[in-house]
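Peer 1: What follows is a structure written as structure tokens; I'll ask about it next.
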Amino acid sequence: MKELNFIDLFAGAGGLSEGFIRAGFNPVVHVEMNKDACDTIKTRTAYHWLKENGQSEIYYNYLKSFAKNKEEFWKKVPENLINSVINMEISEKTLHEIFKMIDKVLGDKEVDIIIGGPPCQAYSLVGRARDPHKMKNDPRNFLYKYYVKFLEKYRPKMFVFENVPGILSAKNGVHLDNIFKAIRKAGYELSVPTNKYKTLNAKNFGVLQDRKRVIIIGWRKELKLSYPEFNVAENNFEVLKDLFSDLIPLNNGKGTLNAVSYAKPATYYLEKAKIRNGLDFVTQHIARPNNENDLEIYRIAVDEWNKGKRLNYADLPPRLIKHNNTKSFTNRFQVVNGQGISHTVVAHIAMDGHYYIHPDKEQNRSITVREAARIQSFPDDYFFEGSRSAAFQQIGNAVPPLMAEKIAEKIRGML
């Protein structure tokens, strides 16, 4: 197959990139401002090189090591690969320097596709609800302008621009119109999903999560392409039975970032979704500690959920209510649907786990880092660098690799 090169902008922990790599694309550069996310991509970059060169055991030994020295581990692979992960904020001040760094890595290769989406908080409905100015003055509203500058400089054949559904309505659609105008002015045509479907949902790509995203796909005008048709995957799997059942049961505050054995063999879904991929151990299966007040709320929330109801925070016994605000965000305690698919995993999971209560009342806790990663369809050998909170944030911000892979396969066919 022809090698198709891509640049990943605002790359996060690399979920979108992982899908494109699986579909046969070659990452030239990742650009990301968060250091922990960059470290995660460096580690994953090392994994892919070691795997391709028959040295996967080096990576697995790194995962098993108690005192992980990532800098020493990265030295096991060519330095230029680690340097291809650029830890910088994309801004007017940094743009020229980032271009220079990319040019050095790129050499005489051409860029076939640019992927990525600017941070979504400025477009999200929740972000606008919490901001008294409705995010109108948030500079992240205009990061798309830098995305366009990358299109103008590297002239890829295609691009994928990912964002939250709120981008459709942000400033009554003005932001989306401005994005379209700027991209068309740069010599590209583009489209979002047509007809009644303005968004794509990860659950239709085999991910056990109800996660809607706007995926804008564009191409150089002379290519005269159109938005691809995606097949809807049959998704009759369940979180408890198919996604979590092989993990060791834990109580709150238990577990480890280090390697532990599985409790059971892989389910059909775990193998089909490439989450279990040959290892006999898993990492980062660690749960947050909770105080007794939260744990009592968790028990009530699971009981209510088992009766078919979502817990309303204002309906709790007064002794358990610790927030003065009982009018808004009354759904701040939510149970993951064990008999179906999860609700959307978002970056707020880094702050607390109340919105992601494990459906098994016996375990009585919020979900672990590994469980959150699985809901996002990350494979078990994907390691998130940084603290537990940093890992949760990276996972919540990511594009599910399984969804990304299906998108990438269609685009590869188009190219």
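Ordering of the structure tokens sets the chain letters (A, B, ...), residue numbers begin anew at 1 in every chain, and ligands are numbered from 1 in the order given.
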As a compact mmCIF listing (two decimals) with N, CA and C atoms, in the first residue's frame, please: the residues near stretch 197-205 of chain A (cut-off 9 Å, only C-alpha atoms, same-chain neighbours under 2 positions excluded).
Peer 2:
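Generated file (out38.txt):
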# COMPACT_ATOMS: atom_id res chain seq x y z
N VAL A 164 -17.11 19.11 18.86
CA VAL A 164 -18.35 18.77 19.56
C VAL A 164 -19.55 19.31 18.79
N PRO A 165 -20.74 18.71 19.00
CA PRO A 165 -21.93 19.20 18.30
C PRO A 165 -22.23 20.68 18.54
N LEU A 168 -22.00 23.55 15.95
CA LEU A 168 -23.06 23.85 14.98
C LEU A 168 -23.89 25.05 15.40
N VAL A 192 -20.12 18.45 6.15
CA VAL A 192 -20.47 17.71 7.36
C VAL A 192 -21.46 16.63 6.93
N PRO A 193 -21.79 15.68 7.82
CA PRO A 193 -22.78 14.68 7.45
C PRO A 193 -24.07 15.34 6.96
N THR A 194 -24.67 14.78 5.93
CA THR A 194 -25.81 15.43 5.28
C THR A 194 -27.14 14.94 5.84
N ASN A 195 -28.21 15.42 5.21
CA ASN A 195 -29.59 15.07 5.55
C ASN A 195 -29.88 15.40 7.02
N VAL A 207 -18.33 1.54 19.20
CA VAL A 207 -17.87 2.00 20.51
C VAL A 207 -19.03 1.89 21.50
N LEU A 208 -18.76 1.41 22.71
CA LEU A 208 -19.85 1.26 23.69
C LEU A 208 -20.07 2.56 24.45
N GLN A 209 -20.42 3.58 23.69
CA GLN A 209 -20.58 4.92 24.24
C GLN A 209 -21.45 5.76 23.32
N ASP A 210 -22.38 6.48 23.92
CA ASP A 210 -23.20 7.43 23.16
C ASP A 210 -22.42 8.75 23.10
N ARG A 211 -21.68 8.94 22.02
CA ARG A 211 -20.78 10.09 21.92
C ARG A 211 -20.93 10.73 20.54
N LYS A 212 -21.60 11.85 20.50
CA LYS A 212 -21.83 12.54 19.23
C LYS A 212 -20.71 13.52 18.95
N ARG A 213 -20.25 13.54 17.72
CA ARG A 213 -19.21 14.47 17.30
C ARG A 213 -19.49 14.95 15.88
N VAL A 214 -19.12 16.19 15.64
CA VAL A 214 -19.16 16.72 14.27
C VAL A 214 -17.82 16.40 13.62
N ILE A 215 -17.86 15.67 12.54
CA ILE A 215 -16.65 15.33 11.80
C ILE A 215 -16.74 16.02 10.45
N PHE A 230 -21.00 6.15 5.83
CA PHE A 230 -20.51 5.23 6.86
C PHE A 230 -21.57 4.19 7.18
N ASN A 231 -21.14 2.95 7.26
CA ASN A 231 -22.06 1.88 7.65
C ASN A 231 -22.29 1.93 9.15
N VAL A 232 -23.52 1.74 9.57
CA VAL A 232 -23.84 1.71 11.00
C VAL A 232 -23.58 0.31 11.53
N ALA A 233 -22.67 0.21 12.49
CA ALA A 233 -22.32 -1.09 13.07
C ALA A 233 -23.42 -1.54 14.03
N GLU A 234 -23.77 -2.83 13.97
CA GLU A 234 -24.72 -3.37 14.93
C GLU A 234 -24.05 -3.42 16.29
N ASN A 235 -24.70 -2.84 17.29
CA ASN A 235 -24.06 -2.69 18.59
C ASN A 235 -24.98 -3.18 19.69
N ILE A 341 -24.96 0.84 26.73
CA ILE A 341 -23.73 1.57 26.47
C ILE A 341 -23.64 2.78 27.39
N GLN A 376 -13.89 4.42 25.78
CA GLN A 376 -13.44 5.19 24.63
C GLN A 376 -12.82 4.32 23.54
N VAL A 399 -10.66 11.26 20.84
CA VAL A 399 -11.53 10.64 19.84
C VAL A 399 -11.38 9.13 20.01
N PRO A 400 -12.49 8.38 20.07
CA PRO A 400 -12.36 6.92 20.21
C PRO A 400 -11.60 6.32 19.03
N LEU A 402 -11.52 3.40 17.76
CA LEU A 402 -12.33 2.52 16.91
C LEU A 402 -13.13 3.33 15.89
N MET A 403 -13.69 4.44 16.34
CA MET A 403 -14.40 5.35 15.44
C MET A 403 -13.44 5.97 14.43
N ALA A 404 -12.29 6.40 14.93
CA ALA A 404 -11.28 7.03 14.07
C ALA A 404 -10.81 6.08 12.98
N LYS A 406 -12.49 3.62 11.54
CA LYS A 406 -13.50 3.47 10.49
C LYS A 406 -13.54 4.69 9.57
Peer 1: From a DSSP calculation on the backbone, collect every residue of stretch 244-411 of chain A in helix (DSSP H, G or I) and output the set as a ChimeraX atom specification.
Peer 2: /A:244,268-272,292-306,313-315,318-320,347-350,369-375,388-397,401-411
Peer 1: Based on the backbone DSSP call, show me all residues of stretch 147-215 of chain A assigned strand (DSSP E or B), as a ChimeraX atom specification.
Peer 2: /A:158-163,188-191,200-201,209,212-215
Peer 1: If we count only C-alpha atoms and set the cut-off at 8 Å, which residues sit around A:Tyr313, ignoring sequence neighbours fewer than 3 positions away in its own chain? Please answer as a ChimeraX atom specification.
Peer 2: /A:316,321,326,330-333
Peer 1: Which distance in Å separates atom CA of A:Ser387 and atom CA of A:Asn252, to one decimal?
Peer 2: 17.1 Å
Peer 1: Between A:Val28, A:Leu16, A:Val335, A:Ala67, which is the closest to A:Val239 once you count only C-alpha atoms?
Peer 2: A:Val335
Peer 1: Might you pull out every residue within 8 Å of A:Asn5, with only C-alpha atoms counted and same-chain residues fewer than 5 positions away left off, and present them as a PyMOL selection string?
Peer 2: chain A and resi 25-28+109-113
Peer 1: Measuring atom to atom with only C-alpha atoms, identify which of A:Leu320, A:Gln363, A:Ser65, A:Pro156 is nearest to A:Glu296.
Peer 2: A:Leu320
Peer 1: Please compute the atom CA of A:Asn258-atom CA of A:Asp380 distance, one decimal, in Å.
Peer 2: 12.3 Å
Peer 1: Which is closest to A:Arg299 among A:Glu238, A:Glu79, A:Glu162, A:Glu362, if we use only C-alpha atoms?
Peer 2: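 When distances to A:Arg299 are compared using only C-alpha atoms, the smallest one comes from A:Glu362.
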Peer 1: Would you compute the distance between atom CA of A:Gly14 and atom CA of A:Asp39? Give it in Å to one decimal.
Peer 2: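 Going from atom CA of A:Gly14 over to atom CA of A:Asp39 covers 10.4 Å.
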Peer 1: For A:Lys181, please output as a PyMOL selection string all residues within 12 Å (counting only C-alpha atoms; exclusion window: fewer than 5 positions along the same chain).
Peer 2: chain A and resi 144-145+148+174-176+186-191
Peer 1: Leaving out A:Ile114 and any residue of its chain fewer than 4 positions from it, which residues lie within 8 Å of it when counting only C-alpha atoms, given as a count of residues only?
Peer 2: 9
Peer 1: Please provide the set of residues having any atom within 10 Å of A:Ser389, restricted to only C-alpha atoms, with same-chain residues fewer than 2 positions apart removed, written as a ChimeraX atom specification.
Peer 2: /A:288,347-352,369,386-387,391-395
Peer 1: Which of these, A:Gly396, A:Gly116, A:Gly255, A:Pro265, has the shortest distance to A:Gly19 once you count only C-alpha atoms?
Peer 2: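 Using only C-alpha atoms, A:Gly19 sits closest to A:Gly116.
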Peer 1: Restricting the calculation to only C-alpha atoms, which member of A:Asn83, A:Phe161, A:Ile167, A:Val282 is positioned closest to A:Met101?
Peer 2: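 Ranked by minimum distance to A:Met101, first place goes to A:Asn83.
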Peer 1: Using only C-alpha atoms, which residue out of A:Lys241, A:Lys254, A:Lys272, A:Arg184 lies closest to A:Asn337?
Peer 2: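 Of the candidates, the smallest distance to A:Asn337 is held by A:Lys241.
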